[in-house]
Amino acid sequence: MRKKLVAGNWKMHGGLQANSALLDRIVESLPSLACDVLVCVPFPYLFQVAERLAGSRLALGAQNVSEHAAGAFTGEVSAPMLAELGCSFVIVGHSERRALYGEGDLLVAAKCKAVLAAGMWPVLCVGETLAEREAGETLAVVARQLRAVIDCVGVASFSRMVVAYEPVWAIGTGMTASPVQAEVVHAAIRRQFAELDSVVAEGLRILYGGSVKPQNAMELFAQPNIDGGLIGGAALVADDFLAICHAAN
Ligand code: PGA
């Protein structure tokens, strides 16, 4: 049985006081939660959040990383830096990075490799746009995005990775994929891995992301190949985030 993982993606939100209030609520609720819980926060808050989480089982993640380990890359943040600050996960290839910052499959793959080399777990995001879905290309797009990373890091590395299926049209739009729509893609992702390595495929956690809310979380998480969620907007509201975590119990 794969243990469910609920990951908050705070995106570019937060503030010292608001973070502290949100974290207090999450940390005090941890004993009642059966799932693994992760918060992926903006770089400037990593130190604050790492201090607050110390000794708890709440995991810390970042939302982006450089593909380089060090060097003259002004404004970039390397994987070893994130590891030193206490991160155990890094979101890689989020659709906002792909669409707004031009990150292609090869760069996403190189970033996954950097995260793995630093001993952390990539949370690799894949997903189709609305136009791609309407053209019937969903499964082909997702398979291509995964293949680029598999080719770069090897299938065995996915025993230390998480995949997040996030249909671009469902992110921040209130338009959730139906549990059946999501499950079709999750099952296809697991099949793609099963063709390469059945043990890796069986252990791989595949999260769903895109307008997950307390109202729809339980039905999504009940699907056989949905192993938790990557939560954006609802991760900023303690009651909502905790309700989603409970739905994964
Ligand atoms: P959302 O974002 O839950 O606000 O749709 C999900 C994500 O982008 O990871």
# chains A, B, ... in the order shown; residues from 1 in each chain; ligands from 1

$ residues_near_ligand --ligand "ligand 1" --cutoff "8 Å" --atoms "only C-alpha atoms and all ligand atoms" --output "compact mmCIF listing (two decimals) with all heavy atoms, in the first residue's frame"
# COMPACT_ATOMS: atom_id res chain seq x y z
N GLY A 8 1.36 20.81 0.08
CA GLY A 8 0.90 22.18 -0.16
C GLY A 8 1.90 22.90 -1.04
O GLY A 8 3.11 22.83 -0.79
N ASN A 9 1.41 23.56 -2.07
CA ASN A 9 2.25 24.41 -2.90
C ASN A 9 1.79 25.85 -2.64
O ASN A 9 0.76 26.27 -3.16
CB ASN A 9 2.07 24.04 -4.38
CG ASN A 9 2.76 25.02 -5.31
OD1 ASN A 9 3.52 25.87 -4.87
ND2 ASN A 9 2.46 24.93 -6.59
N LYS A 11 2.98 28.49 -3.68
CA LYS A 11 3.27 29.40 -4.79
C LYS A 11 3.90 30.69 -4.23
O LYS A 11 4.57 30.63 -3.21
CB LYS A 11 2.01 29.67 -5.61
CG LYS A 11 1.29 28.37 -6.00
CD LYS A 11 0.35 28.55 -7.14
CE LYS A 11 -0.29 27.20 -7.47
NZ LYS A 11 -1.09 27.20 -8.65
N HIS A 94 6.66 22.49 -12.57
CA HIS A 94 5.28 22.96 -12.40
C HIS A 94 4.85 23.67 -13.69
O HIS A 94 5.65 24.34 -14.34
CB HIS A 94 5.19 23.91 -11.21
CG HIS A 94 3.78 24.24 -10.85
ND1 HIS A 94 3.06 25.19 -11.51
CD2 HIS A 94 2.95 23.71 -9.91
CE1 HIS A 94 1.84 25.25 -11.00
NE2 HIS A 94 1.74 24.36 -10.03
N SER A 95 3.58 23.54 -14.03
CA SER A 95 3.12 24.10 -15.32
C SER A 95 3.31 25.61 -15.38
O SER A 95 3.46 26.16 -16.47
CB SER A 95 1.65 23.75 -15.55
OG SER A 95 0.84 24.38 -14.59
N GLU A 96 3.30 26.28 -14.22
CA GLU A 96 3.55 27.73 -14.25
C GLU A 96 4.99 28.01 -14.67
O GLU A 96 5.28 28.98 -15.35
CB GLU A 96 3.21 28.34 -12.89
CG GLU A 96 1.69 28.42 -12.68
CD GLU A 96 1.23 28.36 -11.24
OE1 GLU A 96 2.05 28.56 -10.32
OE2 GLU A 96 0.02 28.10 -11.04
N GLU A 166 -1.00 17.29 -13.03
CA GLU A 166 -1.73 18.54 -12.87
C GLU A 166 -2.21 19.04 -14.23
O GLU A 166 -1.45 19.71 -14.94
CB GLU A 166 -0.83 19.60 -12.22
CG GLU A 166 -0.36 19.26 -10.83
CD GLU A 166 -0.06 20.51 -10.02
OE1 GLU A 166 0.68 21.38 -10.50
OE2 GLU A 166 -0.61 20.61 -8.92
N ALA A 170 -6.96 22.87 -15.02
CA ALA A 170 -7.63 22.71 -13.71
C ALA A 170 -6.92 23.49 -12.60
O ALA A 170 -7.42 23.56 -11.49
CB ALA A 170 -7.69 21.23 -13.33
N ILE A 171 -5.76 24.08 -12.93
CA ILE A 171 -4.98 24.73 -11.87
C ILE A 171 -5.49 26.13 -11.61
O ILE A 171 -5.51 26.98 -12.50
CB ILE A 171 -3.49 24.77 -12.25
CG1 ILE A 171 -2.93 23.35 -12.32
CG2 ILE A 171 -2.71 25.60 -11.25
CD1 ILE A 171 -1.48 23.29 -12.73
N GLY A 172 -5.93 26.35 -10.37
CA GLY A 172 -6.37 27.67 -9.95
C GLY A 172 -7.63 28.16 -10.65
O GLY A 172 -8.01 29.32 -10.56
N THR A 173 -8.31 27.27 -11.35
CA THR A 173 -9.48 27.68 -12.14
C THR A 173 -10.79 27.28 -11.49
O THR A 173 -11.85 27.72 -11.91
CB THR A 173 -9.44 27.00 -13.52
OG1 THR A 173 -9.42 25.58 -13.32
CG2 THR A 173 -8.21 27.42 -14.31
N GLY A 174 -10.71 26.41 -10.48
CA GLY A 174 -11.94 25.88 -9.90
C GLY A 174 -12.51 24.72 -10.73
O GLY A 174 -13.49 24.11 -10.36
N THR A 176 -12.00 21.26 -11.54
CA THR A 176 -11.24 20.06 -11.20
C THR A 176 -11.46 18.99 -12.26
O THR A 176 -12.55 18.89 -12.80
CB THR A 176 -11.77 19.46 -9.88
OG1 THR A 176 -12.12 20.53 -9.03
CG2 THR A 176 -10.76 18.58 -9.22
N GLY A 209 -3.17 17.21 -8.85
CA GLY A 209 -3.24 18.63 -8.50
C GLY A 209 -4.09 19.38 -9.50
O GLY A 209 -4.09 19.07 -10.69
N GLY A 210 -4.78 20.39 -9.00
CA GLY A 210 -5.65 21.20 -9.85
C GLY A 210 -6.99 21.37 -9.18
O GLY A 210 -7.85 20.50 -9.28
N SER A 211 -7.13 22.49 -8.43
CA SER A 211 -8.38 22.83 -7.75
C SER A 211 -8.88 21.73 -6.82
O SER A 211 -10.08 21.47 -6.73
CB SER A 211 -9.46 23.21 -8.77
OG SER A 211 -9.05 24.35 -9.52
N VAL A 212 -7.94 21.07 -6.11
CA VAL A 212 -8.36 20.14 -5.05
C VAL A 212 -8.89 20.98 -3.88
O VAL A 212 -8.26 21.95 -3.46
CB VAL A 212 -7.21 19.24 -4.56
CG1 VAL A 212 -7.70 18.32 -3.44
CG2 VAL A 212 -6.66 18.42 -5.72
N LYS A 213 -10.07 20.63 -3.42
CA LYS A 213 -10.74 21.33 -2.32
C LYS A 213 -11.26 20.29 -1.33
O LYS A 213 -11.36 19.11 -1.67
CB LYS A 213 -11.94 22.13 -2.87
CG LYS A 213 -11.58 23.14 -3.98
CD LYS A 213 -10.95 24.41 -3.41
CE LYS A 213 -10.60 25.41 -4.49
NZ LYS A 213 -9.20 25.56 -4.76
N LEU A 230 -1.46 17.57 -4.76
CA LEU A 230 -0.61 18.77 -4.73
C LEU A 230 -1.59 19.94 -4.71
O LEU A 230 -2.33 20.15 -5.68
CB LEU A 230 0.33 18.81 -5.93
CG LEU A 230 1.30 19.99 -6.02
CD1 LEU A 230 2.15 20.12 -4.77
CD2 LEU A 230 2.22 19.84 -7.23
N ILE A 231 -1.58 20.65 -3.60
CA ILE A 231 -2.66 21.59 -3.31
C ILE A 231 -2.14 23.02 -3.40
O ILE A 231 -1.18 23.37 -2.69
CB ILE A 231 -3.21 21.36 -1.87
CG1 ILE A 231 -3.32 19.85 -1.53
CG2 ILE A 231 -4.52 22.09 -1.65
CD1 ILE A 231 -4.23 19.07 -2.43
N GLY A 232 -2.76 23.84 -4.22
CA GLY A 232 -2.34 25.24 -4.35
C GLY A 232 -3.17 26.13 -3.45
O GLY A 232 -2.91 26.25 -2.25
N GLY A 233 -4.20 26.74 -4.01
CA GLY A 233 -5.01 27.72 -3.28
C GLY A 233 -5.46 27.24 -1.91
O GLY A 233 -5.36 27.98 -0.91
N ALA A 234 -5.94 26.01 -1.83
CA ALA A 234 -6.48 25.51 -0.56
C ALA A 234 -5.38 25.24 0.48
O ALA A 234 -5.68 25.04 1.66
CB ALA A 234 -7.31 24.25 -0.79
N ALA A 235 -4.11 25.28 0.06
CA ALA A 235 -3.03 25.03 1.01
C ALA A 235 -2.75 26.27 1.87
O ALA A 235 -2.01 26.20 2.86
CB ALA A 235 -1.75 24.63 0.27

$ residues_around --residues "stretch 104-109 of chain A" --least-positions-apart "5" --cutoff "10 Å" --atoms "only C-alpha atoms" --output "PyMOL selection string"
chain A and resi 64-67+92-94+97-99+114-115+124-126+144-153

$ residues_around --residues "A:Ala248" --least-positions-apart "3" --cutoff "8 Å" --atoms "only C-alpha atoms" --output "PyMOL selection string"
chain A and resi 4-6+34-35+217-218+221+228+244-245

$ select_by_dssp --residues "stretch 39-239 of chain A" --states "strand (DSSP E)" --output "JSON, numbers by chain"
{"A": [39, 40, 59, 60, 61, 62, 89, 90, 91, 92, 121, 122, 123, 124, 125, 126, 162, 163, 164, 165, 205, 206, 207, 208, 209, 228, 229, 230, 231]}

$ closest_atom_pairs --of "stretch 82-169 of chain A" --to "stretch 39-49 of chain A" --cutoff "10 Å" --atoms "only C-alpha atoms" --output "JSON lines"
{"residue": "A:Leu82", "atom": "CA", "partner": "A:Leu46", "partner_atom": "CA", "distance": 8.3}
{"residue": "A:Leu85", "atom": "CA", "partner": "A:Phe47", "partner_atom": "CA", "distance": 6.3}
{"residue": "A:Gly86", "atom": "CA", "partner": "A:Leu46", "partner_atom": "CA", "distance": 8.0}
{"residue": "A:Cys87", "atom": "CA", "partner": "A:Leu46", "partner_atom": "CA", "distance": 7.9}
{"residue": "A:Ser88", "atom": "CA", "partner": "A:Cys40", "partner_atom": "CA", "distance": 9.9}
{"residue": "A:Phe89", "atom": "CA", "partner": "A:Cys40", "partner_atom": "CA", "distance": 7.9}
{"residue": "A:Val90", "atom": "CA", "partner": "A:Cys40", "partner_atom": "CA", "distance": 7.4}
{"residue": "A:Ile91", "atom": "CA", "partner": "A:Cys40", "partner_atom": "CA", "distance": 7.5}

$ select_by_dssp --residues "stretch 16-154 of chain A" --states "helix (DSSP H, G or I)" --output "PyMOL selection string"
chain A and resi 16-32+43-53+79-84+95-100+105-117+130-134+138-153
